[in-house]
Each structure stands twice: as C-alpha cells, then as structure tokens.
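Q: Input entry-v7.txt, format and content: compact mmCIF, C-alpha atoms.
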# COMPACT_ATOMS: atom_id res chain seq x y z
CA MET F 1 91.39 32.00 -42.15
CA GLN F 2 90.79 35.68 -42.76
CA ALA F 3 87.00 35.37 -42.85
CA HIS F 4 86.94 33.85 -39.37
CA LYS F 5 89.31 36.28 -37.75
CA ASN F 6 86.67 38.78 -36.72
CA ARG F 7 84.04 36.23 -35.95
CA LEU F 8 82.98 35.23 -32.44
CA GLU F 9 80.79 32.24 -31.75
CA ASP F 10 78.46 31.47 -28.88
CA GLU F 11 79.41 34.20 -26.46
CA PRO F 12 77.41 34.31 -23.22
CA ALA F 13 75.82 37.76 -23.14
CA PHE F 14 72.97 39.93 -21.90
CA VAL F 15 71.15 42.68 -23.76
CA LEU F 16 71.55 45.98 -21.91
CA HIS F 17 69.43 48.12 -24.22
CA SER F 18 68.29 48.21 -27.81
CA TYR F 19 67.38 51.05 -30.14
CA PRO F 20 65.49 50.92 -33.42
CA PHE F 21 67.95 51.22 -36.27
CA ARG F 22 67.14 51.91 -39.92
CA GLU F 23 63.85 50.52 -41.22
CA THR F 24 63.77 47.03 -39.70
CA SER F 25 66.95 46.60 -37.67
CA LEU F 26 67.93 46.97 -34.06
CA LEU F 27 71.06 48.41 -32.53
CA VAL F 28 71.70 46.30 -29.46
CA GLU F 29 74.11 47.15 -26.66
CA VAL F 30 75.14 43.82 -25.16
CA PHE F 31 77.23 42.91 -22.13
CA SER F 32 79.22 39.83 -23.07
CA ARG F 33 81.31 37.79 -20.68
CA GLN F 34 84.52 37.71 -22.72
CA HIS F 35 84.38 41.04 -24.51
CA GLY F 36 82.53 43.39 -22.20
CA ARG F 37 80.09 45.88 -23.63
CA VAL F 38 79.71 45.54 -27.41
CA PRO F 39 77.30 47.30 -29.81
CA LEU F 40 75.70 44.95 -32.33
CA VAL F 41 73.41 45.52 -35.28
CA ALA F 42 70.66 42.88 -35.44
CA ARG F 43 69.66 43.03 -39.08
CA GLY F 44 65.94 42.71 -39.75
CA ALA F 45 65.24 42.09 -36.06
CA ARG F 46 62.12 44.29 -36.20
CA ARG F 47 60.51 42.35 -39.03
CA PRO F 48 57.38 40.49 -37.84
CA LYS F 49 58.80 37.07 -38.72
CA SER F 50 62.36 37.68 -37.57
CA ALA F 51 64.00 34.71 -35.85
CA VAL F 52 65.60 36.87 -33.18
CA ARG F 53 62.53 38.99 -32.48
CA GLY F 54 61.38 38.18 -28.98
CA LEU F 55 64.73 36.60 -28.27
CA LEU F 56 66.77 39.74 -27.77
CA MET F 57 65.13 40.50 -24.44
CA ASN F 58 66.86 42.37 -21.66
CA PHE F 59 67.77 40.40 -18.53
CA GLN F 60 67.79 37.03 -20.32
CA PRO F 61 70.96 34.94 -20.64
CA LEU F 62 71.72 34.57 -24.34
CA SER F 63 74.40 32.98 -26.43
CA LEU F 64 75.36 35.35 -29.24
CA SER F 65 77.54 35.05 -32.34
CA TRP F 66 78.70 38.13 -34.21
CA PHE F 67 81.26 39.32 -36.74
CA GLY F 68 82.80 42.56 -37.92
CA LYS F 69 85.94 44.56 -37.39
CA HIS F 70 84.47 48.01 -36.77
CA GLU F 71 83.14 49.35 -33.51
CA VAL F 72 79.57 48.29 -34.28
CA ARG F 73 79.52 44.60 -35.16
CA THR F 74 76.84 42.52 -36.83
CA LEU F 75 74.82 39.94 -34.95
CA HIS F 76 74.92 36.59 -36.69
CA SER F 77 72.79 34.44 -34.44
CA ALA F 78 71.25 34.42 -30.99
CA GLU F 79 70.26 31.52 -28.81
CA TRP F 80 68.12 31.44 -25.72
CA GLN F 81 69.89 30.06 -22.65
CA GLY F 82 67.01 30.09 -20.22
CA GLY F 83 67.02 29.36 -16.51
CA GLN F 84 66.15 32.92 -15.62
CA PRO F 85 62.52 33.82 -14.89
CA LEU F 86 61.42 37.16 -16.38
CA LEU F 87 61.80 40.07 -14.01
CA GLN F 88 58.50 41.52 -12.90
CA GLY F 89 57.18 44.53 -11.07
CA THR F 90 59.66 46.58 -9.08
CA ALA F 91 62.36 43.95 -9.67
CA LEU F 92 62.08 44.79 -13.37
CA LEU F 93 62.67 48.47 -12.66
CA CYS F 94 65.69 47.48 -10.55
CA GLY F 95 66.94 45.55 -13.58
CA PHE F 96 66.67 48.71 -15.67
CA TYR F 97 68.63 50.49 -12.97
CA LEU F 98 71.48 47.95 -13.21
CA ASN F 99 71.54 48.39 -16.99
CA GLU F 100 71.53 52.16 -16.77
CA LEU F 101 74.50 52.02 -14.39
CA LEU F 102 76.39 49.66 -16.71
CA LEU F 103 75.64 51.73 -19.81
CA ASN F 104 76.82 54.90 -18.13
CA LEU F 105 79.88 53.61 -16.33
CA MET F 106 81.27 50.82 -18.49
CA VAL F 107 83.22 51.66 -21.64
CA ARG F 108 82.89 49.51 -24.76
CA ASP F 109 85.18 46.56 -25.48
CA ASP F 110 86.55 46.29 -21.97
CA PRO F 111 85.97 42.78 -20.60
CA HIS F 112 84.76 42.36 -17.02
CA GLU F 113 84.19 38.65 -16.53
CA GLN F 114 83.69 38.82 -12.78
CA LEU F 115 81.27 41.70 -13.12
CA PHE F 116 79.36 39.71 -15.76
CA ASP F 117 79.02 36.78 -13.39
CA TYR F 118 77.96 39.08 -10.60
CA TYR F 119 75.40 40.77 -12.87
CA GLN F 120 73.92 37.37 -13.67
CA HIS F 121 73.86 36.48 -9.98
CA THR F 122 72.15 39.82 -9.18
CA LEU F 123 69.45 39.23 -11.82
CA GLN F 124 68.81 35.80 -10.33
CA ARG F 125 68.44 37.33 -6.89
CA LEU F 126 66.02 39.96 -8.21
CA ALA F 127 63.98 37.35 -10.08
CA HIS F 128 63.67 35.22 -6.96
CA GLY F 129 62.40 38.05 -4.81
CA ALA F 130 65.49 38.84 -2.74
CA ASP F 131 65.50 42.12 -0.80
CA MET F 132 65.95 44.71 -3.54
CA ALA F 133 67.75 47.45 -1.63
CA SER F 134 70.54 45.20 -0.34
CA THR F 135 70.80 43.41 -3.71
CA LEU F 136 71.35 46.75 -5.43
CA ARG F 137 73.89 47.91 -2.81
CA CYS F 138 75.93 44.70 -3.29
CA PHE F 139 75.89 45.17 -7.06
CA GLU F 140 76.89 48.83 -6.83
CA LYS F 141 79.84 47.90 -4.61
CA HIS F 142 81.00 45.17 -7.01
CA LEU F 143 80.52 47.47 -9.98
CA LEU F 144 82.73 50.22 -8.53
CA GLN F 145 85.30 47.65 -7.44
CA GLU F 146 85.47 46.10 -10.92
CA LEU F 147 85.79 49.49 -12.57
CA GLY F 148 88.74 50.32 -10.35
CA TYR F 149 87.05 52.57 -7.81
CA ALA F 150 86.90 50.07 -4.95
CA LEU F 151 85.56 51.39 -1.67
CA LEU F 152 87.85 51.53 1.33
CA LEU F 153 85.66 50.05 4.03
CA GLU F 154 87.90 48.31 6.54
CA HIS F 155 90.69 50.82 7.04
CA GLU F 156 90.93 54.55 7.48
CA ALA F 157 92.06 56.56 4.50
CA GLY F 158 95.84 56.69 4.14
CA SER F 159 96.57 54.53 7.15
CA ALA F 160 96.40 50.93 8.32
CA ARG F 161 94.17 51.80 11.26
CA PRO F 162 91.11 49.52 11.15
CA ILE F 163 87.65 51.08 11.16
CA ASP F 164 86.06 51.03 14.62
CA ALA F 165 82.35 50.14 14.62
CA ALA F 166 81.70 52.45 17.54
CA LEU F 167 83.17 55.61 15.94
CA SER F 168 81.82 58.13 13.43
CA TYR F 169 83.63 58.81 10.17
CA ARG F 170 83.50 61.16 7.22
CA TYR F 171 83.72 59.39 3.88
CA ILE F 172 85.49 61.55 1.31
CA VAL F 173 85.23 60.75 -2.42
CA GLU F 174 88.43 59.25 -3.85
CA ARG F 175 90.05 59.16 -0.41
CA GLY F 176 88.02 57.04 1.97
CA ALA F 177 86.92 57.30 5.57
CA VAL F 178 88.54 59.70 8.00
CA ARG F 179 87.69 60.06 11.66
CA GLU F 180 85.07 62.67 12.38
CA GLN F 181 86.75 65.79 13.71
CA ALA F 182 85.69 69.36 14.09
CA ASP F 183 87.83 70.51 11.14
CA THR F 184 86.67 67.93 8.54
CA PRO F 185 83.28 69.25 7.46
CA ASP F 186 83.31 67.78 3.94
CA GLY F 187 82.51 64.18 3.15
CA LEU F 188 79.51 62.11 4.17
CA LEU F 189 78.98 61.31 7.83
CA VAL F 190 78.81 57.52 8.32
CA ALA F 191 79.01 55.24 11.32
CA GLY F 192 81.95 52.84 11.56
CA LYS F 193 79.43 50.02 11.81
CA THR F 194 77.95 50.97 8.43
CA LEU F 195 81.37 50.72 6.75
CA LEU F 196 82.07 47.33 8.32
CA ASP F 197 78.59 46.07 7.42
CA MET F 198 79.09 47.19 3.83
CA ALA F 199 82.40 45.34 3.72
CA THR F 200 80.54 42.11 4.49
CA ASP F 201 77.44 43.01 2.41
CA ASP F 202 75.25 42.97 5.50
CA TYR F 203 72.36 45.45 5.30
CA THR F 204 70.08 44.02 7.99
CA ASP F 205 70.72 47.00 10.26
CA ALA F 206 68.38 49.87 9.33
CA GLN F 207 71.05 52.52 9.85
CA SER F 208 73.57 50.63 7.73
CA ALA F 209 70.99 50.26 4.98
CA ARG F 210 70.19 53.98 5.02
CA GLN F 211 73.75 55.24 5.26
CA GLY F 212 74.96 52.65 2.76
CA LYS F 213 72.43 53.99 0.28
CA GLN F 214 73.54 57.58 0.87
CA LEU F 215 77.21 56.67 0.53
CA MET F 216 76.64 54.70 -2.68
CA ARG F 217 74.57 57.50 -4.12
CA MET F 218 77.31 60.05 -3.40
CA LEU F 219 80.01 57.85 -4.96
CA LEU F 220 77.96 56.90 -8.01
CA ASN F 221 76.96 60.53 -8.60
CA HIS F 222 80.63 61.43 -8.50
CA HIS F 223 81.57 58.79 -11.07
CA LEU F 224 78.57 59.59 -13.24
CA GLY F 225 79.79 63.16 -13.47
CA GLY F 226 76.44 64.81 -12.84
CA LYS F 227 74.44 62.57 -15.16
CA LEU F 228 70.90 61.92 -13.97
CA LEU F 229 69.76 58.31 -13.61
CA HIS F 230 66.24 58.08 -15.03
CA THR F 231 65.47 54.73 -13.41
CA ARG F 232 66.32 56.15 -10.00
CA GLU F 233 63.72 58.89 -10.55
CA LEU F 234 61.17 56.34 -11.74
CA ILE F 235 61.65 54.03 -8.75
CA LYS F 236 61.51 57.05 -6.44
CA ASP F 237 58.20 58.18 -8.02
CA LEU F 238 56.80 54.69 -7.71
CA THR F 239 57.67 54.22 -4.04
CA LYS F 240 55.98 57.55 -3.29
CA LEU F 241 52.61 56.19 -4.47
CA MET C 1 77.23 73.04 -57.83
CA LYS C 2 75.45 74.68 -54.97
CA THR C 3 72.06 73.24 -53.99
CA PRO C 4 69.30 75.89 -54.09
CA SER C 5 68.25 76.87 -50.60
CA SER C 6 64.60 75.78 -51.02
CA LEU C 7 65.74 72.32 -52.10
CA GLU C 8 68.11 72.18 -49.19
CA ALA C 9 65.28 73.14 -46.84
CA LEU C 10 63.06 70.38 -48.28
CA ILE C 11 65.78 67.76 -47.81
CA ALA C 12 66.35 68.91 -44.24
CA ALA C 13 62.59 68.80 -43.59
CA LEU C 14 62.27 65.23 -44.91
CA ARG C 15 64.98 64.09 -42.54
CA VAL C 16 62.67 64.46 -39.55
CA LEU C 17 61.06 61.15 -40.55
CA PRO C 18 62.34 58.11 -38.64
CA GLY C 19 64.84 56.06 -40.60
CA VAL C 20 65.45 58.77 -43.20
CA GLY C 21 69.05 59.88 -43.52
CA PRO C 22 70.57 62.50 -45.82
CA LYS C 23 70.70 60.16 -48.85
CA SER C 24 67.09 58.95 -48.59
CA ALA C 25 65.87 62.50 -47.98
CA GLN C 26 67.65 63.67 -51.11
CA ARG C 27 66.16 60.82 -53.13
CA MET C 28 62.64 61.62 -51.87
CA ALA C 29 63.04 65.33 -52.63
CA TYR C 30 64.23 64.68 -56.20
CA HIS C 31 61.44 62.20 -56.80
CA LEU C 32 58.73 64.57 -55.56
CA LEU C 33 60.00 67.56 -57.52
CA GLN C 34 60.91 65.83 -60.73
CA ARG C 35 58.49 62.95 -61.14
CA ASP C 36 55.37 63.75 -59.23
CA LYS C 37 54.67 67.41 -58.56
CA PRO C 38 50.89 67.02 -57.94
CA ALA C 39 51.60 64.34 -55.34
CA ALA C 40 54.09 66.68 -53.70
CA LEU C 41 51.42 69.34 -53.44
CA ARG C 42 48.91 66.86 -52.07
CA LEU C 43 51.45 65.73 -49.50
CA ALA C 44 52.10 69.32 -48.45
CA GLN C 45 48.40 70.12 -48.16
CA SER C 46 47.42 66.98 -46.28
CA LEU C 47 50.34 67.44 -43.89
CA ALA C 48 49.32 71.01 -43.15
CA HIS C 49 45.68 70.00 -42.84
CA ALA C 50 46.40 67.07 -40.51
CA VAL C 51 48.67 69.09 -38.27
CA GLU C 52 46.05 71.81 -38.02
CA THR C 53 42.92 69.71 -37.44
CA LEU C 54 44.14 66.65 -35.55
CA HIS C 55 44.61 66.67 -31.83
CA HIS C 56 44.28 64.18 -29.01
CA CYS C 57 40.81 63.00 -28.02
CA ALA C 58 39.99 64.27 -24.53
CA LYS C 59 38.96 60.78 -23.44
CA CYS C 60 41.11 58.18 -25.18
CA ASN C 61 44.14 60.32 -26.14
CA ASN C 62 44.02 58.90 -29.69
CA PHE C 63 44.18 61.25 -32.68
CA SER C 64 40.84 62.86 -33.39
CA GLU C 65 39.42 65.80 -35.31
CA GLU C 66 36.85 66.45 -32.66
CA GLU C 67 37.14 67.17 -28.95
CA VAL C 68 35.91 63.63 -28.17
CA CYS C 69 36.37 60.97 -30.87
CA GLU C 70 33.60 58.89 -32.43
CA MET C 71 34.51 55.73 -30.56
CA CYS C 72 34.41 57.44 -27.19
CA ARG C 73 31.01 59.01 -28.01
CA SER C 74 29.46 55.72 -29.14
CA ALA C 75 26.64 54.51 -26.89
CA ARG C 76 27.18 50.91 -28.03
CA ARG C 77 30.49 50.55 -26.28
CA ASP C 78 30.86 49.25 -22.73
CA SER C 79 32.06 52.11 -20.55
CA SER C 80 32.83 49.83 -17.59
CA LEU C 81 35.98 48.59 -19.34
CA LEU C 82 39.00 50.71 -20.19
CA CYS C 83 41.78 49.14 -22.23
CA VAL C 84 45.23 50.76 -22.14
CA VAL C 85 47.37 50.30 -25.27
CA GLU C 86 50.70 51.78 -26.30
CA MET C 87 50.02 52.99 -29.85
CA PRO C 88 47.05 53.65 -32.18
CA ALA C 89 48.19 50.62 -34.23
CA ASP C 90 47.60 48.43 -31.16
CA LEU C 91 44.07 49.81 -30.85
CA LEU C 92 43.37 48.90 -34.49
CA MET C 93 44.63 45.37 -33.86
CA MET C 94 42.35 45.02 -30.81
CA GLU C 95 39.42 46.18 -32.92
CA GLN C 96 40.28 43.72 -35.71
CA ALA C 97 40.31 40.86 -33.20
CA GLN C 98 36.67 41.74 -32.39
CA CYS C 99 37.13 40.57 -28.82
CA TYR C 100 36.54 43.79 -26.99
CA GLN C 101 33.66 46.23 -26.78
CA GLY C 102 34.92 48.59 -24.11
CA MET C 103 36.68 51.94 -24.20
CA TYR C 104 40.36 52.65 -24.87
CA PHE C 105 43.18 54.82 -23.68
CA VAL C 106 46.17 55.23 -26.00
CA LEU C 107 49.42 56.04 -24.20
CA MET C 108 51.23 57.15 -27.37
CA GLY C 109 54.40 55.46 -26.15
CA ARG C 110 55.74 53.47 -23.23
CA LEU C 111 57.92 54.04 -20.22
CA SER C 112 61.51 53.65 -21.25
CA PRO C 113 63.77 54.79 -18.46
CA LEU C 114 66.95 54.15 -20.47
CA ASP C 115 65.72 56.54 -23.17
CA GLY C 116 64.67 59.08 -20.57
CA ILE C 117 60.92 58.54 -21.01
CA GLY C 118 59.34 58.57 -17.58
CA ALA C 119 55.86 58.98 -16.15
CA ARG C 120 55.84 62.73 -16.79
CA GLU C 121 56.73 62.40 -20.48
CA LEU C 122 53.87 59.90 -20.95
CA HIS C 123 51.30 62.13 -19.20
CA LEU C 124 50.05 59.28 -17.03
CA ASP C 125 48.13 61.81 -14.93
CA ARG C 126 45.65 62.05 -17.83
CA LEU C 127 45.09 58.28 -17.69
CA VAL C 128 44.45 58.43 -13.94
CA LYS C 129 41.96 61.25 -14.47
CA ARG C 130 40.21 59.26 -17.19
CA ALA C 131 40.06 56.08 -15.07
CA LEU C 132 38.52 57.97 -12.18
CA GLU C 133 35.79 59.58 -14.29
CA GLN C 134 33.54 56.60 -13.72
CA PRO C 135 33.93 53.19 -12.03
CA CYS C 136 35.59 50.83 -14.49
CA GLU C 137 38.02 47.96 -14.82
CA VAL C 138 41.30 48.93 -16.46
CA ILE C 139 42.80 46.28 -18.78
CA LEU C 140 46.50 46.73 -19.44
CA ALA C 141 47.29 45.69 -23.01
CA THR C 142 50.81 47.12 -23.29
CA ASN C 143 53.37 45.04 -25.18
CA PHE C 144 55.16 42.09 -23.61
CA THR C 145 58.52 43.76 -24.01
CA VAL C 146 60.51 44.80 -20.96
CA GLU C 147 59.40 48.40 -21.48
CA GLY C 148 55.75 47.37 -21.91
CA GLU C 149 55.92 45.29 -18.73
CA ALA C 150 57.48 48.17 -16.80
CA THR C 151 54.73 50.47 -18.09
CA ALA C 152 52.03 47.99 -17.01
CA HIS C 153 53.56 47.66 -13.56
CA TYR C 154 53.81 51.40 -13.12
CA ILE C 155 50.23 52.05 -14.22
CA ALA C 156 48.92 49.19 -12.05
CA THR C 157 50.63 50.65 -8.98
CA LEU C 158 49.39 54.11 -9.85
CA LEU C 159 45.76 53.01 -10.29
CA ASN C 160 45.68 50.52 -7.42
CA ALA C 161 46.64 53.37 -5.12
CA GLN C 162 43.42 55.08 -6.28
CA GLY C 163 41.36 51.93 -5.68
CA VAL C 164 40.84 51.13 -9.39
CA LYS C 165 40.52 47.48 -10.44
CA VAL C 166 43.35 46.63 -12.85
CA SER C 167 44.00 43.50 -14.95
CA ARG C 168 46.70 42.51 -17.44
CA ILE C 169 46.10 40.59 -20.67
CA ALA C 170 47.43 37.02 -20.52
CA ARG C 171 50.39 35.71 -22.47
CA GLY C 172 51.38 32.27 -23.62
CA LEU C 173 51.30 30.09 -26.70
CA PRO C 174 49.69 31.58 -29.80
CA VAL C 175 46.38 30.12 -30.96
CA GLY C 176 47.10 27.13 -33.18
CA GLY C 177 50.69 27.20 -31.91
CA GLU C 178 52.68 24.00 -31.78
CA LEU C 179 55.22 23.48 -29.01
CA GLU C 180 57.70 22.25 -31.58
CA HIS C 181 57.84 25.63 -33.32
CA VAL C 182 57.33 28.11 -30.51
CA ASP C 183 60.27 30.17 -29.22
CA SER C 184 61.89 29.11 -25.95
CA GLY C 185 61.12 32.31 -24.06
CA THR C 186 57.39 32.07 -24.71
CA LEU C 187 57.31 28.42 -23.81
CA ALA C 188 59.30 28.93 -20.60
CA GLN C 189 56.98 31.74 -19.50
CA ALA C 190 53.87 29.74 -20.44
CA VAL C 191 55.01 26.89 -18.21
CA LEU C 192 55.79 29.32 -15.40
CA GLU C 193 52.37 30.99 -15.69
CA ARG C 194 50.41 27.74 -16.20
CA ARG C 195 46.96 27.54 -14.70
CA GLU C 196 44.89 24.87 -13.11
CA VAL C 197 42.40 22.99 -15.25
CA ALA C 198 39.21 22.07 -13.44
CA GLY C 199 38.29 18.46 -14.16
Let me see the structure of the file written as structure tokens.

A:
Amino acid sequence: MQAHKNRLEDEPAFVLHSYPFRETSLLVEVFSRQHGRVPLVARGARRPKSAVRGLLMNFQPLSLSWFGKHEVRTLHSAEWQGGQPLLQGTALLCGFYLNELLLNLMVRDDPHEQLFDYYQHTLQRLAHGADMASTLRCFEKHLLQELGYALLLEHEAGSARPIDAALSYRYIVERGAVREQADTPDGLLVAGKTLLDMATDDYTDAQSARQGKQLMRMLLNHHLGGKLLHTRELIKDLTKL
Amino acid sequence: MKTPSSLEALIAALRVLPGVGPKSAQRMAYHLLQRDKPAALRLAQSLAHAVETLHHCAKCNNFSEEEVCEMCRSARRDSSLLCVVEMPADLLMMEQAQCYQGMYFVLMGRLSPLDGIGARELHLDRLVKRALEQPCEVILATNFTVEGEATAHYIATLLNAQGVKVSRIARGLPVGGELEHVDSGTLAQAVLERREVAG
C-alpha cells in the first residue's frame, strides 16, 4: 500500500543529538541499525506532557518508528529498550565524544550495521567502567574501518612485509607505515609494537597507549578536515583539573 | 510591490526570536502596525528599557537591575548553601516548591559540547569565584538531561579540586507517582539508585 511505503516500524536506534525545532518540537539525529544516520522531527516532543519527552535520551537503546519520504522524516513512536545504565561522569563525556565523531564523519542514510553494533558495545563498556582510553581507541579504529579508511597495521605500506615489533616506523596518512629512514621526515613516528598492539586492540603497554592516541588523533584530524572536536577540548580541560 | 525598508527592517528584527521564521515575523509586524500601535510602542520602549537597565547580578548571575539582586542581599537567606540551576525559570520553580532557603547561582545555559558550548562559553570561572567567597555547600540542580548531567559532573570536578563540598539533587519517582504509569527510564534509574531503608 502506498501509505506504508515510506513507513518504518520498530527500528533499533540511538539518539546522537537533538535540537529544539519550532515551538514545541525536536529535531533528532538518530543512528539506526538498518538505515544509518537519519534526521527525524519529533512533533510536540518539548511539550510538558509529551509521551516521548524523557524517552529520546542520548546513549539509550530505543526502538523507533517513523515515516516520510523527504530527507527529514517524522517520528511516529519511540519505545524504551533498556538494559543500558545511564552514562555518568567522564564516561558521559566520552559518550558525547563518540556522538560528535559519528555526526561529523558519518553521512546521512548510509547504513552501517556493524558500526551500530560496535557503538552499542562501546556504550556498554563505558557504562560498566571499562578503561576509557582503550575503549575510545577501539571505537575510533572500528569507525575508520567501517567508513572505508581502515588502518594498515600489520603490513608495511605498499608491500607484504609484516611489521616488525622491534623497528620504528613513520605512519603516513592515506598510505600506512613505512620504515623509518633518514629521508622520510613526514608522517608520525610510531614503534612497530604500537602498530601490532593496535591491530589486536591491546593498549596495556603505556607507549602503545600514548602513540596509539597520537596516531588516531592525526588520522581523525585528517578525515575531519580541520574541524575542531568540542568534546575533546572539554575532556582535555577536565583532566587538567 | 516593494516592501518599505522600515517594514523590512522590523520583520528582520523580529526574526531574532527563537522559533520565528519569515512568515511569523511578517504576521507579527503587520499585527503590531495595523491593529495595535500603542502596544507596539510599549513593546519598543520596554525592550529598550530592559536592555539598558538589566544586567547580571554580581553574585547569582541572574538578571537584576542592581549590582547585587534583592535575593542575594536578603539577610533571611542561608548563605551556607549555594544552589546551581541552568535557567532563571528553574530558580522560580525552586522558589515555588518552598523547599530551599539558600542562595542561587544561575548558569544561563548548560554545557553542550555538540553545540560548541563549553566551560568558557558558560563562564564557569564566575561560579568558582562565587563558591569560594565563603564556605558553603554547592547543590547541583541542573536538569537530568545528558547535557545537564555533563554540566553537573564538570562543575563537581571543578569545585572538588578547590575543596568545595558538592551535592547533586536526587532523582527517581515523582511524588504521588505510580509504578504503573511512570516511564521506563525513570523506573530503571530509580531501581539502580535505590537506597537502604533502616528498619
């Protein structure tokens, strides 16, 4: 039937961010499992007695139904899925960081089911007090991989030569790791061990954790095209206190 | 027909209001000019007057005509308590509840990293200065939205580093609330944050 063609029922989704819209509505950017990032208008969601008020919370698994054939669709109903404690403290700021990355790097209407599952897994880890730095590194790696910018961590750039844990490398954006030589000044200096640790998501080594952070920052900055991440600044300010 | 430039300027000026687009602004302008000219003048005068005389109270950051507002000058209020709220409307609600006799600090917003509002934009340094003026307990009464929670966490960290005692208002079921009708998120959090009942 025509009326049902543009209607989607009970989609697993997360709210990434919401903006006030018109007098009483909300414009909600959601990350849905089947349809990727979708903008939805939640009509009347800012009225005091609205059924979805208090439901459209970030970082909570929801089941959403919406309709519409234009870019911005209309939210029909939202249901609480539960099972995810609210993020608190620094973990909450880390959650904002994930959302800021997704909003800046993910285009609308491009499904990423695996990334969705990994996002959910990451939120669970944050809520249950896992080590934040390594949790964020793992998510960043998966994010870039899903968006088609996978890191080359086990082999040297342009060759099949495996990375040697004992050697030093220069990681060049959009190319990968090349052996450190006198005539390759550009790229970030990283230890072979760091690259291999990142490949297995192991950040227990202090040097791997530090260099992994630097490498991820360089790559993300490149893909963000000079855009500043506000949450990164906020977390940096907070850890200085 | 070309719109006269003064009318155009009025429509453009009305559009600064939140939720007012070109159509609503036009409607408002026509109404004011055609139906209710005295009201239009009153609006213009009170706007100019308010902008000129109102500024932020040096103590609570709320709007005030004086350097320090009446509430902050009152000797009847308990200066060992400082309640932090997001907006003036929240302060009014706290006053209506008649549960609190201490002082206030109005943030005039909340941290919202995704909208680019950080600690600098909120002038949290003024809150720290205020909290350190005299020994007091700071009660965080920001909203229970993700942004309000982030704001509370940030302020708590900021003030704890200065040795200030900080508490957060509790959340849970509303008074007179029945489990049957409460939303799942509130209920889930209330169970998670349950407390022991002494027998």

Q: Tell me as a short mmCIF file (atom, residue, chain, number, x, y, z; two decimals) with C-alpha atoms, keeping the file's coordinate frame which residues belonging to chain C come within 6 Å of chain F, counting only C-alpha atoms.

A:
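This went into selection.cif:
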data_model
loop_
_atom_site.label_atom_id
_atom_site.label_comp_id
_atom_site.auth_asym_id
_atom_site.auth_seq_id
_atom_site.Cartn_x
_atom_site.Cartn_y
_atom_site.Cartn_z
CA GLY C 19 64.84 56.06 -40.60
CA PRO C 113 63.77 54.79 -18.46
CA GLY C 116 64.67 59.08 -20.57
CA HIS C 153 53.56 47.66 -13.56
#

Q: Kindly give the distance, in Å, that separates CA of Arg126 in chain C and CA of Cys72 in chain C, rounded to a single decimal.

A: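 Taking CA of Arg126 in chain C as the start and CA of Cys72 in chain C as the end point, the length is 15.3 Å.
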
Q: Any idea what's packed within 12 Å of Asp202 in chain F, counting all atoms listed in the file, ignoring anything in its chain fewer than 2 positions away? Could you give it as a list of chain:residue names?

A: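 Residues meeting the cut-off are F:Asp131, F:Ala133, F:Ser134, F:Thr135, F:Arg137, F:Cys138, F:Lys193, F:Thr194, F:Leu195, F:Leu196, F:Asp197, F:Met198, F:Ala199, F:Thr200, F:Thr204, F:Asp205, F:Ala206, F:Gln207, F:Ser208, F:Ala209, F:Gly212.
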
Q: For Arg76 in chain C, which residue among C:Asn160, C:Asn62, C:Ala190, C:Gln101 is the nearest when counting only C-alpha atoms?

A: C:Gln101

Q: To test the calculation: enclose all listed atoms of range 21-27 of chain F in a box whose edges run along x, y and z, add 8 Å on each side, then state centre and edge lengths in Å to one decimal, as lines of an AutoDock Vina configuration file.

A:
center_x = 67.4
center_y = 49.3
center_z = -36.9
size_x = 23.3
size_y = 21.3
size_z = 24.7

Q: Step by step: start from the point (34.0, 50.6, -20.1) in the file's coordinates, keep every protein, DNA or RNA residue that has an atom no farther than 12 Å from it, count only C-alpha atoms, and write the set as a ChimeraX atom specification.

A: /C:59-60,71-84,100-105,130-139

Q: Skipping near chain neighbours, those fewer than 4 positions away, what residues fall within 10 Å of Pro111 in chain F using all atoms listed in the file, listed as a list in words?

A: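 Near Pro111 in chain F, the qualifying residues are Phe31, Ser32, Arg33, Gln34, His35, Gly36, Arg37, Val38, Met106, Val107, Leu115 and Phe116 of chain F.
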
Q: How would the residues just picked look written out with C-alpha atoms as a compact mmCIF listing (two decimals), keeping the file's coordinate frame?

A:
# COMPACT_ATOMS: atom_id res chain seq x y z
CA PHE F 31 77.23 42.91 -22.13
CA SER F 32 79.22 39.83 -23.07
CA ARG F 33 81.31 37.79 -20.68
CA GLN F 34 84.52 37.71 -22.72
CA HIS F 35 84.38 41.04 -24.51
CA GLY F 36 82.53 43.39 -22.20
CA ARG F 37 80.09 45.88 -23.63
CA VAL F 38 79.71 45.54 -27.41
CA MET F 106 81.27 50.82 -18.49
CA VAL F 107 83.22 51.66 -21.64
CA LEU F 115 81.27 41.70 -13.12
CA PHE F 116 79.36 39.71 -15.76

Q: What is the distance, in Å and to one decimal place, between CA of His49 in chain C and CA of Asp36 in chain C?

A: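 CA of Asp36 in chain C lies 20.0 Å from CA of His49 in chain C.
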
Q: With only C-alpha atoms as the counted atoms, please give the residues lying no more than 12 Å from Asp164 in chain F, apart from itself and same-chain residues fewer than 4 positions off, as a VMD selection string.

A: chain F and resid 153 to 156 168 to 169 177 to 180 190 to 197

Q: May I ask for the distance between CA of Leu40 in chain F and CA of Leu114 in chain C, given in Å to one decimal place?

A: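 Calculated distance between CA of Leu40 in chain F and CA of Leu114 in chain C is 17.4 Å.
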
Q: Between C:Ala39, C:Val68, C:Val85, C:Leu179, which is the closest to Thr142 in chain C once you count only C-alpha atoms?

A: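 Nearest candidate to Thr142 in chain C out of C:Ala39, C:Val68, C:Val85, C:Leu179: C:Val85.
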
Q: Which neighbours of Glu11 in chain F fall inside 7 Å, counting all atoms listed in the file, when residues of the same chain fewer than 5 positions from it are skipped, and could you give them as an MDAnalysis selection string?

A: chainID F and resid 32 63:65

Q: Given only C-alpha atoms as the basis, pick out the residue of C:Cys57, C:Val16, C:Ala141, C:Ala44 nearest to Glu70 in chain C.

A: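 Using only C-alpha atoms, Glu70 in chain C sits closest to C:Cys57.
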
Q: How would you write as a list in words the residues that get within 9 Å of (52.2, 45.5, -25.0) in the file's frame, counting all atoms listed in the file?

A: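 The distance filter leaves exactly Val85, Glu86, Asp90, Arg110, Leu140, Ala141, Thr142, Asn143, Phe144, Thr145, Glu147, Gly148, Glu149, Thr151, Ala152 and Ile169 of chain C.
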
Q: Find the spatial neighbours of Arg120 in chain C, counting only C-alpha atoms, within a cut-off of 10 Å - ignore same-chain residues fewer than 4 positions away - and output them as an MDAnalysis selection string.

A: (chainID F and resid 234) or (chainID C and resid 111 124:125)
